[in-house]
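Taking it in order: structure first as structure tokens, then the write-up.
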Amino acid sequence: MRKIIINTLAIFVTISLHTHAQKRGEVPTFQWGTTGKQIDLSWAAEVGSRVEDNQSANTFKVKDFGAQNDSNYLSTQAIQKAIDACSNAGGGKVLFEPGYYQTGALFVKKGVYLHIGAGTTLLASTDINQYPEFRSRIAGIEMVWPSAVINIIDTQHAGITGAGTIDCRGKVFWDKYWEMRKEYVQKGLRWIVDYDCKRVRGILVSGCSDITLKDFTLMRTGFWGIQILYSNHCTLHKLTVNNNIGGHGPSTDGIDIDSSTYVLIDGCDIDCNDDNICLKAGRDADGLRVNRPTEYVVVRNCIARKGAGLITCGSETSGDIRYVLGYNLQAYGTSSTLRLKSALNRGGTVEYIYMTNVVADGVQNVLAADLNWNPSYSYSELPAEYEGKEVPEHWNVMLQKVEPVEKGYPHFNHVYLANVKATNAKQFISASGWNDSLTLNDFTLYNLDVEAEKAGIVAHTKKFRLTDIKLKISDNSQIEFNKNSQLKKNIRYE
């Protein structure tokens, strides 16, 4: 019966995706219920790369520079020479013959499209020394970190294309993390282990504009899959991310949009161990210092499988996350359909988040919103045994207090979730502000049809609307409402 339900939902969404397939510049019309406000999504026409491909006829074959389709041969230098030659010639495509190529860190240059065609697999070296370190941003703070397998840094009109595979072979880094975490938790250092355990990302796009990532499969990344950082006008199209192969990869987010703008994520399929598609903008004092938002992001026609959230905002919210539109989406076994999370030292505002036309099966929550997420990770405190001792630079960054404390309070405003069909959910909703003054503000949930084990809770909110909500709750519970101001609800329990 479960398989029939999933197949039915998939057919529904497939029809919907086909019907609503849009090119850049086209924005469908959506129904959000009665909000009393005019919703302007015209900005959604401007997202994505403005240059799809380099039209140059230049092609450079990596074999001509000494690369070998031999999984035991390290071809990093040869592939990089092909990339550099292509860029120096004004750009074009770098091509591979089918086969397996072992590589360390690669750096894609201006005008270059690294084309990994069908039948080609890049195998990432498992030697951390093949990934030179430089200053970047990791999990919300700027620090020195290993390069990614493929890096596109401070450039434009470039990308990665083709129906091939990038296998990051990250299990060696997963195992390293789990061992370190056991030790760090015992020492009261849970808050810093993610930063001390340097792991290799899959793809990093940083300081760029007009970048296209298209068609390939990315798998087994040591840390985050794809990070779009300090960039604008990027397109991620028909990517497959699979980080749940051969182990339990910690923090293996699928796609992270980090203090970046005008990004289009279209037709991607993501299976991972943390947030599937995540929007971030820095954490704590360092994120407030940088103060760069993530804004104007469209997520459409995507599938989330295992993972923490189909669309997640946070927990790195310091520079603000705003103007996000998600539509024609599927979630199967994902923790949350829409997830908003922060902490009381993050600061920043998450607002104008729109999500509609979603089918979900087996999710933990349809909506989860938490201003005080995961305290053991979110708050840094130096154990007494380290007082007065020299510690790494990034420890001091993490330990820096946000002052005044009110600057660290996050705010969630103007969130719209509409037209959702969910089956086999663990819980419908978990949405709570912090207290009577730090509330969730102006949330609209409209036309949701949900079958779940539990109803959930809505607490410490202002102007929270639930209209045309149909709930079938197996334990016969109803939503617990606690300390909500200007609450409006139209809920039918079946």
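Identifiers in this document derive from the order of the structure tokens: chains are assigned A, B, ..., residues are numbered from 1 separately in each chain, and ligands are numbered from 1 in order of occurrence.
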Problem set entry | Secondary structure check, strand (DSSP E or B) residues of stretch 56-182 of chain A, as a PyMOL selection string | chain A and resi 59-61+74+92-95+99-103+106-108+112-115+120-124+133-138+141-146+150-153+156-161+165-167
Those residues with N, CA and C atoms, as a compact mmCIF listing (two decimals), in the first residue's frame please?
# COMPACT_ATOMS: atom_id res chain seq x y z
N THR A 59 38.12 23.38 -27.55
CA THR A 59 38.02 22.18 -26.73
C THR A 59 39.43 21.69 -26.40
N PHE A 60 39.58 21.24 -25.18
CA PHE A 60 40.87 20.76 -24.70
C PHE A 60 40.66 19.40 -24.06
N LYS A 61 41.36 18.40 -24.56
CA LYS A 61 41.22 17.04 -24.04
C LYS A 61 42.29 16.78 -22.98
N LEU A 74 47.38 9.36 -10.49
CA LEU A 74 46.91 10.68 -10.05
C LEU A 74 47.07 11.69 -11.19
N GLY A 92 36.25 27.73 -23.08
CA GLY A 92 35.74 26.65 -23.89
C GLY A 92 35.44 25.45 -23.02
N LYS A 93 35.62 24.25 -23.56
CA LYS A 93 35.32 23.04 -22.81
C LYS A 93 36.56 22.19 -22.61
N VAL A 94 36.67 21.62 -21.42
CA VAL A 94 37.69 20.63 -21.12
C VAL A 94 37.01 19.27 -21.11
N LEU A 95 37.54 18.34 -21.91
CA LEU A 95 36.85 17.07 -22.17
C LEU A 95 37.65 15.88 -21.66
N GLY A 99 36.07 6.72 -18.70
CA GLY A 99 36.97 5.99 -17.83
C GLY A 99 37.03 6.61 -16.45
N TYR A 100 37.97 6.14 -15.64
CA TYR A 100 38.12 6.60 -14.26
C TYR A 100 39.41 7.39 -14.13
N TYR A 101 39.28 8.61 -13.55
CA TYR A 101 40.42 9.50 -13.39
C TYR A 101 40.55 9.85 -11.92
N GLN A 102 41.72 9.58 -11.33
CA GLN A 102 41.94 9.98 -9.95
C GLN A 102 42.48 11.40 -9.92
N THR A 103 41.96 12.21 -9.00
CA THR A 103 42.38 13.60 -8.94
C THR A 103 42.35 14.13 -7.51
N LEU A 106 40.99 20.45 -7.98
CA LEU A 106 41.02 21.12 -9.28
C LEU A 106 40.44 22.52 -9.15
N PHE A 107 40.93 23.44 -9.96
CA PHE A 107 40.49 24.83 -9.91
C PHE A 107 40.05 25.26 -11.30
N VAL A 108 38.73 25.42 -11.48
CA VAL A 108 38.16 25.81 -12.76
C VAL A 108 38.31 27.32 -12.93
N VAL A 112 35.81 28.54 -18.49
CA VAL A 112 36.03 27.11 -18.66
C VAL A 112 34.81 26.32 -18.17
N TYR A 113 34.38 25.37 -18.98
CA TYR A 113 33.34 24.42 -18.60
C TYR A 113 33.97 23.04 -18.58
N LEU A 114 34.13 22.51 -17.37
CA LEU A 114 34.69 21.18 -17.18
C LEU A 114 33.60 20.19 -17.51
N HIS A 115 33.75 19.48 -18.63
CA HIS A 115 32.68 18.60 -19.11
C HIS A 115 33.02 17.15 -18.78
N THR A 120 32.26 8.76 -17.70
CA THR A 120 33.46 9.30 -17.06
C THR A 120 33.22 9.47 -15.57
N THR A 121 34.16 9.02 -14.75
CA THR A 121 34.08 9.21 -13.30
C THR A 121 35.38 9.83 -12.81
N LEU A 122 35.27 10.93 -12.10
CA LEU A 122 36.41 11.50 -11.38
C LEU A 122 36.43 10.88 -9.99
N LEU A 123 37.52 10.26 -9.62
CA LEU A 123 37.69 9.66 -8.30
C LEU A 123 38.57 10.58 -7.46
N ALA A 124 38.00 11.13 -6.40
CA ALA A 124 38.76 12.05 -5.56
C ALA A 124 39.80 11.29 -4.75
N GLU A 133 45.20 24.09 1.52
CA GLU A 133 44.32 24.90 2.37
C GLU A 133 44.34 26.37 1.96
N PHE A 134 43.22 27.02 2.17
CA PHE A 134 43.14 28.47 2.02
C PHE A 134 41.98 28.97 2.88
N ARG A 135 41.88 30.26 3.04
CA ARG A 135 40.83 30.83 3.88
C ARG A 135 39.50 30.80 3.13
N SER A 136 38.51 30.25 3.79
CA SER A 136 37.18 30.12 3.21
C SER A 136 36.17 30.32 4.33
N ARG A 137 34.93 30.03 4.07
CA ARG A 137 33.95 30.00 5.15
C ARG A 137 33.42 28.58 5.29
N ILE A 138 33.43 28.09 6.52
CA ILE A 138 32.96 26.75 6.82
C ILE A 138 31.94 26.82 7.95
N ILE A 141 31.67 30.34 9.75
CA ILE A 141 32.78 31.20 10.13
C ILE A 141 33.88 31.11 9.09
N GLU A 142 34.64 32.19 8.95
CA GLU A 142 35.76 32.20 8.02
C GLU A 142 36.99 31.64 8.73
N MET A 143 37.65 30.68 8.08
CA MET A 143 38.83 30.04 8.64
C MET A 143 39.59 29.34 7.52
N VAL A 144 40.78 28.86 7.84
CA VAL A 144 41.59 28.12 6.87
C VAL A 144 41.07 26.69 6.80
N TRP A 145 40.88 26.21 5.57
CA TRP A 145 40.22 24.92 5.36
C TRP A 145 40.74 24.29 4.07
N PRO A 146 40.73 22.98 3.95
CA PRO A 146 41.16 22.35 2.70
C PRO A 146 40.27 22.76 1.53
N ILE A 150 36.50 20.03 -6.48
CA ILE A 150 36.49 20.98 -7.60
C ILE A 150 36.14 22.36 -7.05
N ASN A 151 36.97 23.34 -7.40
CA ASN A 151 36.84 24.70 -6.88
C ASN A 151 36.68 25.69 -8.03
N ILE A 152 35.71 26.58 -7.90
CA ILE A 152 35.55 27.69 -8.84
C ILE A 152 35.60 28.96 -7.99
N ILE A 153 36.71 29.67 -8.07
CA ILE A 153 37.00 30.74 -7.12
C ILE A 153 37.19 32.08 -7.84
N GLN A 156 34.10 34.06 -13.29
CA GLN A 156 32.77 34.19 -13.88
C GLN A 156 32.69 33.38 -15.17
N HIS A 157 31.46 33.15 -15.60
CA HIS A 157 31.20 32.46 -16.87
C HIS A 157 31.95 31.14 -16.93
N ALA A 158 31.68 30.26 -15.98
CA ALA A 158 32.36 28.97 -15.90
C ALA A 158 31.38 27.95 -15.35
N GLY A 159 31.82 26.67 -15.33
CA GLY A 159 30.92 25.67 -14.77
C GLY A 159 31.44 24.25 -14.91
N ILE A 160 30.58 23.33 -14.48
CA ILE A 160 30.82 21.89 -14.58
C ILE A 160 29.58 21.30 -15.22
N THR A 161 29.76 20.52 -16.29
CA THR A 161 28.62 19.96 -17.02
C THR A 161 28.89 18.49 -17.34
N THR A 165 30.19 11.32 -13.40
CA THR A 165 30.12 11.19 -11.94
C THR A 165 31.39 11.75 -11.29
N ILE A 166 31.19 12.42 -10.17
CA ILE A 166 32.29 12.84 -9.30
C ILE A 166 32.13 12.06 -8.00
N ASP A 167 32.99 11.09 -7.79
CA ASP A 167 32.95 10.26 -6.59
C ASP A 167 34.02 10.77 -5.62
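Note that atom CA of A:Gly319 and atom CA of A:Thr294 are 7.4 Å apart.
Among the candidate residues A:Gly309, A:Asn424, A:Thr34, A:Ser231, the one lying nearest to A:Leu466 is A:Thr34, with distances computed using only C-alpha atoms.
Distances to A:Leu41 were evaluated for A:Ile116, A:Ile479, A:Ile429, A:Met355 using only C-alpha atoms, and the minimum falls at A:Met355.
Note that atom CA of A:Tyr296 and atom CA of A:Pro410 are 19.6 Å apart.
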For this session: Identify, on the basis of only C-alpha atoms, every residue whose closest approach to A:Gly348 does not exceed 9 Å; exclude the query and any residue fewer than 3 positions from it along the same chain; express the result as an NGL selection string.
Result: :A and (281 or 288 or 291 or 293 or 316-321 or 407-412)
Since we have the selection now, will you write its residues out, keeping C-alpha atoms, as a PDB file, in the first residue's frame?
ATOM      1  CA  ALA A 281      24.298  33.350   5.950  1.00  0.00           C
ATOM      2  CA  LEU A 288      27.336  39.323  11.989  1.00  0.00           C
ATOM      3  CA  ASN A 291      26.829  40.525   7.315  1.00  0.00           C
ATOM      4  CA  PRO A 293      22.581  37.828   3.104  1.00  0.00           C
ATOM      5  CA  GLU A 316      23.555  30.026  10.091  1.00  0.00           C
ATOM      6  CA  THR A 317      21.208  33.022   9.850  1.00  0.00           C
ATOM      7  CA  SER A 318      23.391  35.966  10.928  1.00  0.00           C
ATOM      8  CA  GLY A 319      23.489  37.843   7.610  1.00  0.00           C
ATOM      9  CA  ASP A 320      19.753  37.310   6.886  1.00  0.00           C
ATOM     10  CA  ILE A 321      17.982  34.827   4.617  1.00  0.00           C
ATOM     11  CA  LYS A 407      21.868  41.352  18.631  1.00  0.00           C
ATOM     12  CA  GLY A 408      22.115  37.582  18.669  1.00  0.00           C
ATOM     13  CA  TYR A 409      18.374  36.970  18.738  1.00  0.00           C
ATOM     14  CA  PRO A 410      17.120  35.552  15.422  1.00  0.00           C
ATOM     15  CA  HIS A 411      13.781  36.483  13.860  1.00  0.00           C
ATOM     16  CA  PHE A 412      11.502  34.405  11.630  1.00  0.00           C
TER      17      PHE A 412
END
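Atom pair atom CA of A:Tyr177 / atom CA of A:Cys197 has a distance of 6.0 Å (rounded to one decimal).
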For this session: For A:Glu183, please output as a PyMOL selection string all residues within 12 Å (counting only C-alpha atoms; exclusion window: fewer than 6 positions along the same chain).
Result: chain A and resi 176-177+189-190+192-193+197
Next, write the just-selected residues to a file, as an mmCIF file, in the first residue's frame, keeping C-alpha atoms as the atom set.
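After the write, out.cif holds the following:
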data_model
loop_
_atom_site.group_PDB
_atom_site.id
_atom_site.type_symbol
_atom_site.label_atom_id
_atom_site.label_comp_id
_atom_site.auth_asym_id
_atom_site.auth_seq_id
_atom_site.Cartn_x
_atom_site.Cartn_y
_atom_site.Cartn_z
ATOM 1 C CA LYS A 176 37.824 10.470 11.110
ATOM 2 C CA TYR A 177 35.007 12.733 12.281
ATOM 3 C CA LEU A 189 34.252 20.302 23.016
ATOM 4 C CA ARG A 190 31.248 19.210 20.962
ATOM 5 C CA ILE A 192 34.289 22.843 17.963
ATOM 6 C CA VAL A 193 34.822 19.317 16.623
ATOM 7 C CA CYS A 197 38.038 17.942 11.819
#
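Non-sequential neighbours of A:Val458 (distance at most 9 Å, separation of 6 or more positions within a chain, only C-alpha atoms) are Ile429, Ser430, Ala431, Ser432, Gly433, Phe464, Ile479, Glu480, Phe481, Asn482, Lys483 and Asn484 of chain A.
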Saved selection, atoms kept: N, CA and C atoms, as a short mmCIF file (atom, residue, chain, number, x, y, z; two decimals), in the first residue's frame:
data_model
loop_
_atom_site.label_atom_id
_atom_site.label_comp_id
_atom_site.auth_asym_id
_atom_site.auth_seq_id
_atom_site.Cartn_x
_atom_site.Cartn_y
_atom_site.Cartn_z
N ILE A 429 3.46 19.34 12.71
CA ILE A 429 4.10 20.64 12.90
C ILE A 429 4.82 20.73 14.23
N SER A 430 5.96 21.40 14.21
CA SER A 430 6.67 21.80 15.42
C SER A 430 7.18 23.20 15.19
N ALA A 431 6.44 24.19 15.63
CA ALA A 431 6.75 25.59 15.36
C ALA A 431 6.64 26.39 16.65
N SER A 432 7.78 26.83 17.15
CA SER A 432 7.78 27.53 18.44
C SER A 432 8.76 28.69 18.44
N GLY A 433 8.27 29.84 18.88
CA GLY A 433 9.18 30.93 19.20
C GLY A 433 9.86 30.64 20.52
N PHE A 464 -0.23 33.92 13.29
CA PHE A 464 -0.02 32.59 12.72
C PHE A 464 -1.35 32.12 12.17
N ILE A 479 -3.49 19.70 17.46
CA ILE A 479 -2.36 20.62 17.62
C ILE A 479 -2.46 21.30 18.97
N GLU A 480 -1.34 21.33 19.69
CA GLU A 480 -1.26 22.04 20.96
C GLU A 480 -0.91 23.50 20.68
N PHE A 481 -1.81 24.40 21.05
CA PHE A 481 -1.58 25.82 20.86
C PHE A 481 -1.25 26.45 22.21
N ASN A 482 -0.17 27.21 22.25
CA ASN A 482 0.29 27.77 23.52
C ASN A 482 0.88 29.15 23.30
N LYS A 483 0.26 30.15 23.89
CA LYS A 483 0.77 31.53 23.89
C LYS A 483 0.96 32.07 22.48
N ASN A 484 -0.15 32.06 21.74
CA ASN A 484 -0.15 32.60 20.38
C ASN A 484 -1.03 33.84 20.32
#
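Distances to A:Ser378 were evaluated for A:Pro392, A:Gly267, A:Pro404, A:Gly314 using only C-alpha atoms, and the minimum falls at A:Gly314.
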Seminar exercise, completed: With distances taken over only C-alpha atoms, the candidate from A:Leu340, A:Val358, A:Val298, A:Ile265 nearest A:Asn372 is A:Leu340
Which residues of stretch 258-277 of chain A sit at most 10 Å from stretch 214-218 of chain A, using only C-alpha atoms? Give each one's shortest atom pair and distance in Å (one decimal place), in chain and ascending residue order, as a Markdown table.
| residue | atom | partner | partner_atom | distance |
| --- | --- | --- | --- | --- |
| A:Asp266 | CA | A:Lys214 | CA | 9.6 |
| A:Gly267 | CA | A:Asp215 | CA | 9.4 |
| A:Cys268 | CA | A:Asp215 | CA | 8.8 |
| A:Asp269 | CA | A:Thr217 | CA | 9.4 |
| A:Ile270 | CA | A:Leu218 | CA | 9.5 |
Problem set entry | Every residue of stretch 308-440 of chain A that DSSP places in helix (DSSP H, G or I), as a PyMOL selection string | chain A and resi 375-378+384-386+393-399+405-408
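Of the residues listed (A:Phe443, A:Phe30, A:Tyr262, A:Tyr332), A:Tyr262 shows the shortest atom-to-atom separation from A:Val299; distances use only C-alpha atoms.
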For this session: Mind checking which residues fall within 6 Å of A:Ala343, counting only C-alpha atoms, ignoring those fewer than 2 positions away in the same chain, and posting them as a ChimeraX atom specification?
Result: /A:345-346,371-373
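Across A:Asn129, A:Gly140, A:Gly333, A:Ile211, the tightest approach to A:Lys109 is made by A:Ile211 when counting only C-alpha atoms.
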